[in-house]
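S.K.: First the structure, which I've put down as structure tokens, then a few questions once you've had a look.
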Amino acid sequence: MTGYPAGWSVAAARAAITAGTPMLLPLLDDFDPAVRIDASYALATAADPGLTVRTAFTNRFAEEQEPMVLAAMVLATAETTRAHPHTPATAWIREVWQDWAQAPEVRLAAAIGWLCLTDEPAPDTLHTTIDVLATEERARAMEALPWMAAAGGNEPGLLRCVRRMLHPEQPEPYSDDPWSPRP
């Protein structure tokens, strides 16, 4: 604990990213998928009163071929929408997790994003989608997404999100780390 109020540091970071938005937006078109993912992650925290960032995510999503980058665009849109509610974006994210033409990583990102945006109970189709697609192998691959890496703990972030959002009755997995919470 540093004693520095977290709210101030978060606000300062958001202000800096918002000011840097014109420099970050072109990175969504970088040749390196990792750069596109990181640019999405940074831009998701920017204030977006003119919907410039959200529009850039939508445009890039329409062109993107890499499943992990598409998943990043969905999660970035969800994060932006959580901070700045936008009903059409929430509806779009719901459509994405229901779209069988999308890659599994994209559908999973959309399912998690939609759960973060709504108070509606998770429909059976969402449970089925996640149960079928959220494999251990896929969860480990999705650790390349900063959102999933940050959500992890004693398990891959995707699996932790699924457990906590859809199966809160399940206990935390055991860890021999002395600083981790015990079940």
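Chain labels A, B, ... are given in the sequence in which chains occur in the structure tokens; within each chain residues are numbered consecutively from 1, and ligands are likewise numbered from 1 in the order shown.
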Skipping near chain neighbours, those fewer than 4 positions away, what residues fall within 12 Å of Thr118 (chain A) using only C-alpha atoms, listed as a PyMOL selection string?

M.R.: chain A and resi 78+81-82+85-87+89-91+93-94+111-114+122-123+165

S.K.: Please produce an output containing N, CA and C atoms for each residue in the selection, written as a compact mmCIF listing (two decimals), in the first residue's frame.

M.R.:
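Saved as out.txt:
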```txt
# COMPACT_ATOMS: atom_id res chain seq x y z
N ALA A 78 -16.27 -3.89 -24.82
CA ALA A 78 -17.00 -4.12 -23.57
C ALA A 78 -16.50 -3.19 -22.47
N THR A 81 -17.67 0.27 -23.15
CA THR A 81 -19.12 0.34 -22.95
C THR A 81 -19.46 0.30 -21.47
N ARG A 82 -18.69 -0.41 -20.69
CA ARG A 82 -18.91 -0.43 -19.23
C ARG A 82 -18.70 0.97 -18.65
N PRO A 85 -21.80 3.69 -21.04
CA PRO A 85 -22.86 2.80 -21.55
C PRO A 85 -23.36 3.20 -22.94
N HIS A 86 -23.55 2.18 -23.75
CA HIS A 86 -24.00 2.36 -25.12
C HIS A 86 -24.78 1.10 -25.50
N THR A 87 -26.10 1.19 -25.48
CA THR A 87 -26.97 0.03 -25.69
C THR A 87 -26.67 -0.71 -26.99
N ALA A 89 -23.86 -1.14 -28.48
CA ALA A 89 -22.63 -1.91 -28.30
C ALA A 89 -22.90 -3.17 -27.48
N THR A 90 -23.71 -3.05 -26.45
CA THR A 90 -24.07 -4.22 -25.64
C THR A 90 -24.82 -5.24 -26.49
N ALA A 91 -25.74 -4.78 -27.31
CA ALA A 91 -26.49 -5.68 -28.20
C ALA A 91 -25.55 -6.35 -29.20
N ILE A 93 -22.33 -7.01 -28.81
CA ILE A 93 -21.53 -8.00 -28.10
C ILE A 93 -22.34 -9.27 -27.88
N ARG A 94 -23.60 -9.13 -27.56
CA ARG A 94 -24.47 -10.31 -27.41
C ARG A 94 -24.56 -11.08 -28.73
N ALA A 111 -18.89 -13.40 -24.73
CA ALA A 111 -19.72 -13.91 -23.63
C ALA A 111 -19.32 -13.27 -22.31
N ILE A 112 -18.02 -13.22 -22.04
CA ILE A 112 -17.53 -12.59 -20.80
C ILE A 112 -17.86 -11.10 -20.82
N GLY A 113 -17.62 -10.44 -21.95
CA GLY A 113 -17.93 -9.01 -22.06
C GLY A 113 -19.40 -8.73 -21.83
N TRP A 114 -20.27 -9.54 -22.42
CA TRP A 114 -21.70 -9.34 -22.25
C TRP A 114 -22.11 -9.53 -20.79
N ALA A 122 -27.75 -15.13 -17.16
CA ALA A 122 -27.10 -15.78 -18.30
C ALA A 122 -28.04 -16.83 -18.89
N PRO A 123 -28.36 -16.69 -20.18
CA PRO A 123 -29.24 -17.69 -20.79
C PRO A 123 -28.56 -19.04 -20.92
N MET A 165 -18.26 -15.87 -12.54
CA MET A 165 -19.48 -15.28 -13.10
C MET A 165 -20.62 -16.28 -13.23
```

S.K.: Name all residues at most 10 Å from region 136-146 of chain A (count only C-alpha atoms; drop same-chain ones fewer than 4 positions away) and give them as a count of residues only.

M.R.: 25

S.K.: For Leu43 (chain A), find every residue with an atom within 8 Å (counting only C-alpha atoms), except residues of its own chain fewer than 6 positions away, and show them as number ranges by chain.

M.R.: A: 17-18, 21, 24-25, 53, 76

S.K.: If you run DSSP over the backbone, which residues in chain A end up helix (DSSP H, G or I)? Put them as a VMD selection string.

M.R.: chain A and resid 6 to 19 21 to 29 33 to 43 52 to 63 67 to 83 87 to 98 104 to 117 124 to 133 136 to 144 146 to 151 157 to 166
